[in-house]
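Let me begin by presenting the structure, written as structure tokens, before commenting on it.
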Amino acid sequence: MTIITTTAARDSGGPTLGQLLVKSANDGRDRIAAQALADEETILDRANVRAALVADEDGTPICRWEGLMGRTYALGLDDHQRAFLGLVLSIVGIGHITLAVVPDLDERRMLIVLRAILRLTDNDRVAIGTRM
């Protein structure tokens with residue numbers, strides 16, 4: 001199976017790799033983490049991340065989260081991406097990263113993480129909006 005990048009799928013009108021990973025996720029935590037990664041987009045666009053994360057299972061791309069844990073510093077990610085990926089791995093239950101990385105997130109990634117946390121609690125009543 002050929003794994004296409006999220007950009008290529010977006011341009012062709014087909015499902016993105018992120019969408020395929022969300023669809024193939026087995027449980028809530030995997031699905032929430034895959035959705036966060038799909039929403040972020042730039043990390044999945046990296047070939048080395050796809051090689052470490054994505055596996056083919058009967059023609060369907062799936063996340064092999066454990067493949068990323070020991071490689072987060074070897075993937076060439078910037079500080080924002082690495083902090084975000086660490087929090088995503090924590091959602092899955094792999095690795096332990098403190099919330100001290102939050103200042104390393106830009107606003108867009110922070111909103112994605114906040115939405116993921118709300119999905120973890122199965123709470124859709126909390127609104128995420130502008131500061132007061």
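Following the order of the structure tokens, first chain is A, next is B, and so on, with residues numbered from 1 inside each chain and ligands from 1 in the order they appear.
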*Find the residues around range 31-43 of chain A up to 9 Å (only C-alpha atoms counted), leave out those fewer than 6 positions away in its own chain, and share them as a PyMOL selection string.*
chain A and resi 6-7+16-19+21-25+49-50+63+77+81+84-85+87-92+108-109+112-113+115-117+119-120
Preceding selection exported with N, CA and C atoms as a tab-separated table (two decimals), in the first residue's frame:
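And here's out-v1.tsv as it stands now:
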```tsv
chain	number	residue	atom	x	y	z
A	6	THR	N	-0.70	13.98	3.54
A	6	THR	CA	-1.95	14.69	3.75
A	6	THR	C	-2.12	15.76	2.68
A	7	THR	N	-1.05	16.40	2.27
A	7	THR	CA	-1.13	17.43	1.24
A	7	THR	C	-1.58	16.85	-0.09
A	16	THR	N	-7.59	12.23	3.46
A	16	THR	CA	-6.20	12.46	3.87
A	16	THR	C	-5.73	11.28	4.71
A	17	LEU	N	-4.44	11.18	4.86
A	17	LEU	CA	-3.88	10.15	5.73
A	17	LEU	C	-4.43	10.30	7.13
A	18	GLY	N	-4.52	11.53	7.61
A	18	GLY	CA	-5.08	11.77	8.94
A	18	GLY	C	-6.49	11.24	9.08
A	19	GLN	N	-7.32	11.47	8.08
A	19	GLN	CA	-8.69	10.96	8.11
A	19	GLN	C	-8.72	9.44	8.13
A	21	LEU	N	-6.35	7.49	9.32
A	21	LEU	CA	-5.86	7.04	10.62
A	21	LEU	C	-6.94	7.17	11.69
A	22	VAL	N	-7.71	8.25	11.64
A	22	VAL	CA	-8.81	8.43	12.60
A	22	VAL	C	-9.84	7.32	12.40
A	23	LYS	N	-10.18	7.06	11.16
A	23	LYS	CA	-11.18	6.04	10.85
A	23	LYS	C	-10.75	4.64	11.30
A	24	SER	N	-9.46	4.35	11.20
A	24	SER	CA	-8.97	3.01	11.54
A	24	SER	C	-8.62	2.85	13.02
A	25	ALA	N	-8.68	3.93	13.79
A	25	ALA	CA	-8.31	3.85	15.21
A	25	ALA	C	-9.26	2.92	15.95
A	49	VAL	N	8.16	10.88	9.85
A	49	VAL	CA	7.12	10.64	10.86
A	49	VAL	C	6.19	9.54	10.35
A	50	ARG	N	5.80	9.64	9.09
A	50	ARG	CA	4.92	8.60	8.53
A	50	ARG	C	5.60	7.23	8.58
A	63	CYS	N	-2.08	3.62	13.10
A	63	CYS	CA	-1.02	4.24	13.90
A	63	CYS	C	-0.33	3.19	14.76
A	77	LEU	N	11.89	17.53	14.19
A	77	LEU	CA	10.76	18.42	14.45
A	77	LEU	C	11.23	19.67	15.17
A	81	GLN	N	6.39	21.47	17.30
A	81	GLN	CA	5.93	20.16	16.84
A	81	GLN	C	6.27	19.07	17.85
A	84	PHE	N	3.98	19.30	20.87
A	84	PHE	CA	2.65	18.83	20.49
A	84	PHE	C	2.63	17.31	20.39
A	85	LEU	N	3.63	16.74	19.71
A	85	LEU	CA	3.68	15.29	19.55
A	85	LEU	C	3.81	14.60	20.90
A	87	LEU	N	2.58	15.61	23.75
A	87	LEU	CA	1.26	15.63	24.37
A	87	LEU	C	0.31	14.63	23.71
A	88	VAL	N	0.42	14.49	22.40
A	88	VAL	CA	-0.41	13.50	21.69
A	88	VAL	C	-0.05	12.09	22.16
A	89	LEU	N	1.23	11.81	22.30
A	89	LEU	CA	1.64	10.49	22.79
A	89	LEU	C	1.15	10.26	24.21
A	90	SER	N	1.08	11.31	25.01
A	90	SER	CA	0.54	11.18	26.36
A	90	SER	C	-0.94	10.83	26.34
A	91	ILE	N	-1.66	11.35	25.36
A	91	ILE	CA	-3.08	11.02	25.22
A	91	ILE	C	-3.25	9.52	24.99
A	92	VAL	N	-2.37	8.96	24.19
A	92	VAL	CA	-2.42	7.53	23.91
A	92	VAL	C	-2.01	6.72	25.13
A	108	ARG	N	-2.60	27.71	17.62
A	108	ARG	CA	-3.35	26.70	16.85
A	108	ARG	C	-3.19	25.31	17.46
A	109	ARG	N	-1.97	24.95	17.80
A	109	ARG	CA	-1.74	23.63	18.40
A	109	ARG	C	-2.35	23.55	19.79
A	112	ILE	N	-5.95	22.68	19.50
A	112	ILE	CA	-6.11	21.26	19.15
A	112	ILE	C	-5.96	20.40	20.40
A	113	VAL	N	-4.96	20.69	21.23
A	113	VAL	CA	-4.74	19.94	22.47
A	113	VAL	C	-5.92	20.12	23.42
A	115	ARG	N	-9.04	20.77	22.64
A	115	ARG	CA	-10.16	19.98	22.11
A	115	ARG	C	-9.95	18.49	22.39
A	116	ALA	N	-8.72	18.02	22.25
A	116	ALA	CA	-8.43	16.60	22.52
A	116	ALA	C	-8.68	16.27	23.98
A	117	ILE	N	-8.30	17.15	24.88
A	117	ILE	CA	-8.54	16.92	26.31
A	117	ILE	C	-10.04	16.85	26.59
A	119	ARG	N	-12.32	15.93	24.48
A	119	ARG	CA	-12.79	14.65	23.93
A	119	ARG	C	-12.47	13.50	24.89
A	120	LEU	N	-11.31	13.57	25.54
A	120	LEU	CA	-10.94	12.53	26.51
A	120	LEU	C	-11.95	12.46	27.66
```
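Residues of chain A that DSSP, applied to the backbone, places in strand (DSSP E): Val54, Ala55, Asp56, Glu57, Thr60, Pro61, Ile62 and Cys63 of chain A.
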Keeping only all heavy atoms, write the selected residues as a short mmCIF file (atom, residue, chain, number, x, y, z; two decimals), in the first residue's frame.
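Output (part34.cif):
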```cif
data_model
loop_
_atom_site.label_atom_id
_atom_site.label_comp_id
_atom_site.auth_asym_id
_atom_site.auth_seq_id
_atom_site.Cartn_x
_atom_site.Cartn_y
_atom_site.Cartn_z
N VAL A 54 3.14 5.13 10.82
CA VAL A 54 2.08 4.48 10.04
C VAL A 54 2.50 3.08 9.61
O VAL A 54 3.58 2.88 9.08
CB VAL A 54 1.71 5.33 8.81
CG1 VAL A 54 0.60 4.68 8.01
CG2 VAL A 54 1.29 6.73 9.25
N ALA A 55 1.60 2.14 9.85
CA ALA A 55 1.80 0.77 9.40
C ALA A 55 0.59 0.38 8.54
O ALA A 55 -0.48 0.96 8.66
CB ALA A 55 1.93 -0.18 10.59
N ASP A 56 0.78 -0.60 7.71
CA ASP A 56 -0.28 -1.09 6.84
C ASP A 56 -0.85 -2.37 7.45
O ASP A 56 -0.12 -3.33 7.66
CB ASP A 56 0.30 -1.36 5.45
CG ASP A 56 -0.75 -1.79 4.45
OD1 ASP A 56 -1.82 -2.28 4.86
OD2 ASP A 56 -0.50 -1.65 3.25
N GLU A 57 -2.13 -2.36 7.73
CA GLU A 57 -2.79 -3.55 8.25
C GLU A 57 -3.95 -3.90 7.32
O GLU A 57 -4.98 -3.23 7.31
CB GLU A 57 -3.30 -3.30 9.67
CG GLU A 57 -3.83 -4.55 10.35
CD GLU A 57 -4.14 -4.30 11.80
OE1 GLU A 57 -3.20 -4.34 12.61
OE2 GLU A 57 -5.32 -4.05 12.11
N THR A 60 -5.07 -1.05 5.19
CA THR A 60 -5.54 0.14 5.91
C THR A 60 -4.40 0.72 6.72
O THR A 60 -3.75 0.00 7.47
CB THR A 60 -6.69 -0.24 6.86
OG1 THR A 60 -7.74 -0.84 6.10
CG2 THR A 60 -7.23 0.98 7.58
N PRO A 61 -4.16 2.03 6.60
CA PRO A 61 -3.10 2.64 7.42
C PRO A 61 -3.56 2.75 8.88
O PRO A 61 -4.70 3.14 9.15
CB PRO A 61 -2.90 4.02 6.80
CG PRO A 61 -4.18 4.32 6.10
CD PRO A 61 -4.76 3.01 5.70
N ILE A 62 -2.70 2.34 9.78
CA ILE A 62 -2.99 2.43 11.21
C ILE A 62 -1.80 3.08 11.92
O ILE A 62 -0.70 3.09 11.40
CB ILE A 62 -3.28 1.05 11.84
CG1 ILE A 62 -2.06 0.13 11.68
CG2 ILE A 62 -4.53 0.42 11.26
CD1 ILE A 62 -2.13 -1.12 12.51
N CYS A 63 -2.08 3.62 13.10
CA CYS A 63 -1.02 4.24 13.90
C CYS A 63 -0.33 3.19 14.76
O CYS A 63 -0.99 2.43 15.45
CB CYS A 63 -1.60 5.31 14.83
SG CYS A 63 -2.15 6.78 13.97
#
```
*Can you tell me, as a PyMOL selection string, what residues are no more than 8 Å from Ala83 in chain A when counting only C-alpha atoms, ignoring any on the same chain fewer than 5 positions away?*
chain A and resi 101-102+104-105
Selected residues written out with all heavy atoms, as an mmCIF file, in the first residue's frame:
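The result, stored in again-v1.cif:
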```cif
data_model
loop_
_atom_site.group_PDB
_atom_site.id
_atom_site.type_symbol
_atom_site.label_atom_id
_atom_site.label_comp_id
_atom_site.auth_asym_id
_atom_site.auth_seq_id
_atom_site.Cartn_x
_atom_site.Cartn_y
_atom_site.Cartn_z
ATOM 1 N N VAL A 101 5.461 21.844 28.838
ATOM 2 C CA VAL A 101 5.718 22.084 27.417
ATOM 3 C C VAL A 101 4.669 22.995 26.786
ATOM 4 O O VAL A 101 4.846 23.443 25.655
ATOM 5 C CB VAL A 101 5.807 20.771 26.599
ATOM 6 C CG1 VAL A 101 6.904 19.872 27.126
ATOM 7 C CG2 VAL A 101 4.481 20.071 26.537
ATOM 8 N N VAL A 102 3.597 23.270 27.494
ATOM 9 C CA VAL A 102 2.517 24.085 26.935
ATOM 10 C C VAL A 102 3.014 25.428 26.385
ATOM 11 O O VAL A 102 2.578 25.838 25.307
ATOM 12 C CB VAL A 102 1.374 24.254 27.960
ATOM 13 C CG1 VAL A 102 0.390 25.322 27.531
ATOM 14 C CG2 VAL A 102 0.665 22.915 28.150
ATOM 15 N N ASP A 104 5.524 25.981 24.780
ATOM 16 C CA ASP A 104 6.148 25.710 23.489
ATOM 17 C C ASP A 104 5.137 25.545 22.361
ATOM 18 O O ASP A 104 5.517 25.425 21.198
ATOM 19 C CB ASP A 104 7.024 24.454 23.562
ATOM 20 C CG ASP A 104 8.257 24.661 24.409
ATOM 21 O OD1 ASP A 104 8.706 25.823 24.534
ATOM 22 O OD2 ASP A 104 8.771 23.673 24.955
ATOM 23 N N LEU A 105 3.851 25.494 22.697
ATOM 24 C CA LEU A 105 2.817 25.339 21.679
ATOM 25 C C LEU A 105 2.398 26.697 21.148
ATOM 26 O O LEU A 105 2.286 27.658 21.897
ATOM 27 C CB LEU A 105 1.584 24.649 22.273
ATOM 28 C CG LEU A 105 1.762 23.237 22.811
ATOM 29 C CD1 LEU A 105 0.460 22.749 23.420
ATOM 30 C CD2 LEU A 105 2.235 22.295 21.724
#
```
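CA of Gly95 in chain A sits 13.4 Å away from CA of Tyr73 in chain A.
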Which residues, written as a CSV table (one decimal) with N, CA and C atoms, in the first residue's frame, have at least one atom at most 8 Å from Leu68 in chain A, with only C-alpha atoms counted and residues fewer than 2 positions away on the same chain left out?
```
chain,number,residue,atom,x,y,z
A,49,VAL,N,8.2,10.9,9.9
A,49,VAL,CA,7.1,10.6,10.9
A,49,VAL,C,6.2,9.5,10.3
A,52,ALA,N,7.8,6.2,10.7
A,52,ALA,CA,7.8,5.7,12.1
A,52,ALA,C,6.5,5.4,12.7
A,53,LEU,N,5.4,6.1,12.2
A,53,LEU,CA,4.1,6.0,12.8
A,53,LEU,C,3.2,5.1,12.1
A,64,ARG,N,1.0,3.2,14.7
A,64,ARG,CA,1.8,2.4,15.6
A,64,ARG,C,2.5,3.4,16.5
A,65,TRP,N,1.8,3.9,17.5
A,65,TRP,CA,2.3,5.0,18.4
A,65,TRP,C,3.7,4.7,19.0
A,66,GLU,N,3.8,3.4,19.4
A,66,GLU,CA,5.1,3.0,20.1
A,66,GLU,C,6.3,3.3,19.2
A,70,GLY,N,10.5,6.7,21.1
A,70,GLY,CA,12.0,6.8,21.3
A,70,GLY,C,12.6,7.7,20.2
A,71,ARG,N,11.8,8.2,19.3
A,71,ARG,CA,12.3,8.9,18.1
A,71,ARG,C,12.0,10.4,18.1
A,72,THR,N,11.3,10.9,19.1
A,72,THR,CA,10.8,12.2,19.0
A,72,THR,C,11.9,13.3,18.7
```
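Across the model, the gap from CA of Gly86 in chain A to CA of Glu107 in chain A is 16.4 Å.
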*Write out as a ChimeraX atom specification all residues of chain A that DSSP puts in helix (DSSP H, G or I) for this structure's backbone.*
/A:6-12,17-24,28-40,47-53,66-69,79-92,99-104,107-120
Using C-alpha atoms, can you write the selected residues to a file as a short mmCIF file (atom, residue, chain, number, x, y, z; two decimals), in the first residue's frame?
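Result file follows (result.cif):
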```
data_model
loop_
_atom_site.label_atom_id
_atom_site.label_comp_id
_atom_site.auth_asym_id
_atom_site.auth_seq_id
_atom_site.Cartn_x
_atom_site.Cartn_y
_atom_site.Cartn_z
CA THR A 6 -1.95 14.69 3.75
CA THR A 7 -1.13 17.43 1.24
CA ALA A 8 -1.35 15.10 -1.74
CA ALA A 9 -4.69 13.71 -0.60
CA ARG A 10 -6.04 17.20 0.03
CA ASP A 11 -5.03 18.23 -3.48
CA SER A 12 -6.59 15.14 -5.07
CA LEU A 17 -3.88 10.15 5.73
CA GLY A 18 -5.08 11.77 8.94
CA GLN A 19 -8.69 10.96 8.11
CA LEU A 20 -7.76 7.36 7.33
CA LEU A 21 -5.86 7.04 10.62
CA VAL A 22 -8.81 8.43 12.60
CA LYS A 23 -11.18 6.04 10.85
CA SER A 24 -8.97 3.01 11.54
CA GLY A 28 -11.22 6.42 22.05
CA ARG A 29 -7.68 7.40 23.05
CA ASP A 30 -6.20 6.27 19.74
CA ARG A 31 -8.95 8.06 17.85
CA ILE A 32 -8.54 11.27 19.85
CA ALA A 33 -4.76 11.25 19.35
CA ALA A 34 -5.09 10.48 15.62
CA GLN A 35 -7.63 13.30 15.28
CA ALA A 36 -5.28 15.74 17.02
CA LEU A 37 -2.43 14.72 14.72
CA ALA A 38 -4.70 15.01 11.67
CA ASP A 39 -5.86 18.46 12.78
CA GLU A 40 -2.26 19.62 13.26
CA ALA A 47 7.96 11.35 5.51
CA ASN A 48 10.10 10.29 8.49
CA VAL A 49 7.12 10.64 10.86
CA ARG A 50 4.92 8.60 8.53
CA ALA A 51 7.64 5.93 8.31
CA ALA A 52 7.85 5.72 12.12
CA LEU A 53 4.12 5.98 12.85
CA GLU A 66 5.09 3.03 20.07
CA GLY A 67 7.24 3.59 16.98
CA LEU A 68 7.43 7.30 17.76
CA MET A 69 8.25 7.31 21.47
CA ASP A 79 10.12 22.71 19.41
CA HIS A 80 6.43 23.39 18.76
CA GLN A 81 5.93 20.16 16.84
CA ARG A 82 7.90 18.09 19.35
CA ALA A 83 5.92 19.50 22.30
CA PHE A 84 2.65 18.83 20.49
CA LEU A 85 3.68 15.29 19.55
CA GLY A 86 4.70 14.59 23.15
CA LEU A 87 1.26 15.63 24.37
CA VAL A 88 -0.41 13.50 21.69
CA LEU A 89 1.64 10.49 22.79
CA SER A 90 0.54 11.18 26.36
CA ILE A 91 -3.08 11.02 25.22
CA VAL A 92 -2.42 7.53 23.91
CA LEU A 99 2.35 20.32 31.00
CA ALA A 100 5.48 22.44 31.23
CA VAL A 101 5.72 22.08 27.42
CA VAL A 102 2.52 24.09 26.94
CA PRO A 103 4.42 27.38 26.46
CA ASP A 104 6.15 25.71 23.49
CA GLU A 107 -2.08 29.05 19.58
CA ARG A 108 -3.35 26.70 16.85
CA ARG A 109 -1.74 23.63 18.40
CA MET A 110 -2.92 24.65 21.87
CA LEU A 111 -6.52 24.73 20.65
CA ILE A 112 -6.11 21.26 19.15
CA VAL A 113 -4.74 19.94 22.47
CA LEU A 114 -7.58 21.57 24.41
CA ARG A 115 -10.16 19.98 22.11
CA ALA A 116 -8.43 16.60 22.52
CA ILE A 117 -8.54 16.92 26.31
CA LEU A 118 -12.26 17.70 26.15
CA ARG A 119 -12.79 14.65 23.93
CA LEU A 120 -10.94 12.53 26.51
#
```
